[in-house]
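Okay, so here's the structure we're looking at.
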Amino acid sequence: MIRRRFLIPLPLLLLGCETLQPIPHTREPSECQMFGPASMRIHPIFTQVKDWTGDGKPDGIEALVEFQDQFQDPTKAAGKVIFELFTYRKGHADPRGPRLVNPWIGSLTTVEDQRERWNRTSRTYTFQLAWPNVRTDRTYVLTAVFDLASGGRFFDRKIIEAQGREEPAEPIRLTPPATQPAATQPAPDRGPVPET
């Protein structure tokens, strides 16, 4: 039996070890229009009060934001989202009561933002809205306004139902932002915000 030896040139061997990054395809304007975001919603099931530190106490609200193209398929978007949290007013046409905390501002403007917030399983963006005074026995109204980097704006709101029996309300106090490094923090207080 004759054994053959193959010699692989060193440059070819080294090329096999290098991982090549795909180069993004530049979309035509018609492609951007066809597959770009046409609507946004705060995910109705998975957006809720959460304990993401594992200490048994809620840390804030985990908001999942979903964008859809004109075919109602999930898509990505670039821009900034402003979240606001309000008390819930039962039986009112506008269920938003007083605002409880300064707005949180989340960014989806960089590649790092996209990688950090995109969830491939749910096809949504995840924002951990830190607020140490959040309670599971309260009902809240969460709103989101998204300003697209390309121009345009989306709005949605979700009523986050109390888990269990709702306790009597305490006096409302604005709180300073929490110091959770991975969470989206409320913006600095700039005075009263006009009703939209």
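Chain labels follow the order of the structure tokens: the first chain is A, the next B, and so on; residue numbering restarts at 1 in every chain, and ligands are counted from 1 in their shown order.
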
### Task
Write out as a VMD selection string each polymer residue whose atoms come within 10 Å of Ile42 of chain A, counting only C-alpha atoms; drop sequence neighbours fewer than 4 positions from it.
chain A and resid 46 to 47 63 to 67 124 to 125 142 to 144 155 to 158

inquiry  = Please extract the residues of segment 30-168 of chain A with a backbone DSSP assignment of alpha helix (DSSP H) and present them as an MDAnalysis selection string.
reply    = chainID A and resid 30:35 111:117

Please produce a file of those selected residues containing N, CA and C atoms, as a tab-separated table (two decimals), in the first residue's frame.
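The resulting part-v9.tsv:
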```tsv
chain	number	residue	atom	x	y	z
A	30	SER	N	-36.00	51.13	-2.45
A	30	SER	CA	-37.26	50.36	-2.55
A	30	SER	C	-37.26	49.18	-1.57
A	31	GLU	N	-36.09	48.57	-1.34
A	31	GLU	CA	-36.00	47.47	-0.37
A	31	GLU	C	-36.22	48.00	1.05
A	32	CYS	N	-35.62	49.16	1.35
A	32	CYS	CA	-35.80	49.75	2.68
A	32	CYS	C	-37.27	50.05	2.93
A	33	GLN	N	-37.95	50.57	1.94
A	33	GLN	CA	-39.36	50.89	2.09
A	33	GLN	C	-40.19	49.62	2.25
A	34	MET	N	-39.86	48.59	1.49
A	34	MET	CA	-40.65	47.36	1.52
A	34	MET	C	-40.48	46.60	2.83
A	35	PHE	N	-39.24	46.51	3.35
A	35	PHE	CA	-38.96	45.69	4.52
A	35	PHE	C	-38.66	46.49	5.78
A	111	VAL	N	-24.49	49.60	16.22
A	111	VAL	CA	-24.39	48.14	16.06
A	111	VAL	C	-24.36	47.49	17.45
A	112	GLU	N	-23.64	48.11	18.40
A	112	GLU	CA	-23.57	47.56	19.76
A	112	GLU	C	-24.95	47.55	20.42
A	113	ASP	N	-25.73	48.65	20.25
A	113	ASP	CA	-27.10	48.69	20.79
A	113	ASP	C	-27.93	47.54	20.23
A	114	GLN	N	-27.82	47.33	18.93
A	114	GLN	CA	-28.60	46.28	18.27
A	114	GLN	C	-28.23	44.90	18.82
A	115	ARG	N	-26.95	44.65	18.95
A	115	ARG	CA	-26.50	43.35	19.46
A	115	ARG	C	-26.90	43.14	20.91
A	116	GLU	N	-26.80	44.19	21.72
A	116	GLU	CA	-27.11	44.08	23.14
A	116	GLU	C	-28.60	43.84	23.40
A	117	ARG	N	-29.47	44.43	22.61
A	117	ARG	CA	-30.90	44.42	22.92
A	117	ARG	C	-31.72	43.42	22.10
```

Correct to one decimal, the distance atom CA of Ser107 of chain A-atom CA of Gln185 of chain A is 11.4 Å

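When atom CA of Thr126 of chain A is paired with atom CA of Gln48 of chain A, their separation reads 11.5 Å.
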
Quick one: pull the distance between atom CA of Asp51 of chain A and atom CA of Arg120 of chain A, Å, one decimal.
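Pair atom CA of Asp51 of chain A / atom CA of Arg120 of chain A returns 21.6 Å.
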
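The residue set within 10 Å of Gln163 of chain A, counting only C-alpha atoms and dropping same-chain residues fewer than 5 places from it, reads Gln48, Val49, Arg135, Thr136, Asp137, Arg138 and Thr139 of chain A.
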
So that I can check the surroundings of Thr75 of chain A, please list as a PDB file with C-alpha atoms, in the first residue's frame every protein, DNA and RNA residue that reaches within 10 Å of it, counting only C-alpha atoms and ignoring chain neighbours fewer than 2 positions away.
```pdb
ATOM      1  CA  PHE A  35     -38.964  45.688   4.522  1.00  0.00           C
ATOM      2  CA  GLY A  36     -38.530  48.625   6.896  1.00  0.00           C
ATOM      3  CA  PRO A  37     -40.574  48.970  10.088  1.00  0.00           C
ATOM      4  CA  ALA A  38     -44.224  49.860   9.504  1.00  0.00           C
ATOM      5  CA  SER A  39     -45.486  49.421  13.091  1.00  0.00           C
ATOM      6  CA  MET A  40     -44.308  48.946  16.663  1.00  0.00           C
ATOM      7  CA  GLU A  66     -41.496  44.472  18.530  1.00  0.00           C
ATOM      8  CA  PHE A  67     -41.380  46.056  15.061  1.00  0.00           C
ATOM      9  CA  GLN A  68     -43.196  44.691  12.033  1.00  0.00           C
ATOM     10  CA  ASP A  69     -42.834  45.418   8.340  1.00  0.00           C
ATOM     11  CA  GLN A  70     -45.772  45.945   5.996  1.00  0.00           C
ATOM     12  CA  GLN A  72     -46.661  41.904   9.560  1.00  0.00           C
ATOM     13  CA  ASP A  73     -43.327  40.070   9.812  1.00  0.00           C
ATOM     14  CA  ALA A  77     -35.373  49.243  13.443  1.00  0.00           C
ATOM     15  CA  ARG A 123     -37.568  38.765  17.611  1.00  0.00           C
ATOM     16  CA  THR A 124     -37.955  41.744  19.887  1.00  0.00           C
TER      17      THR A 124
END
```
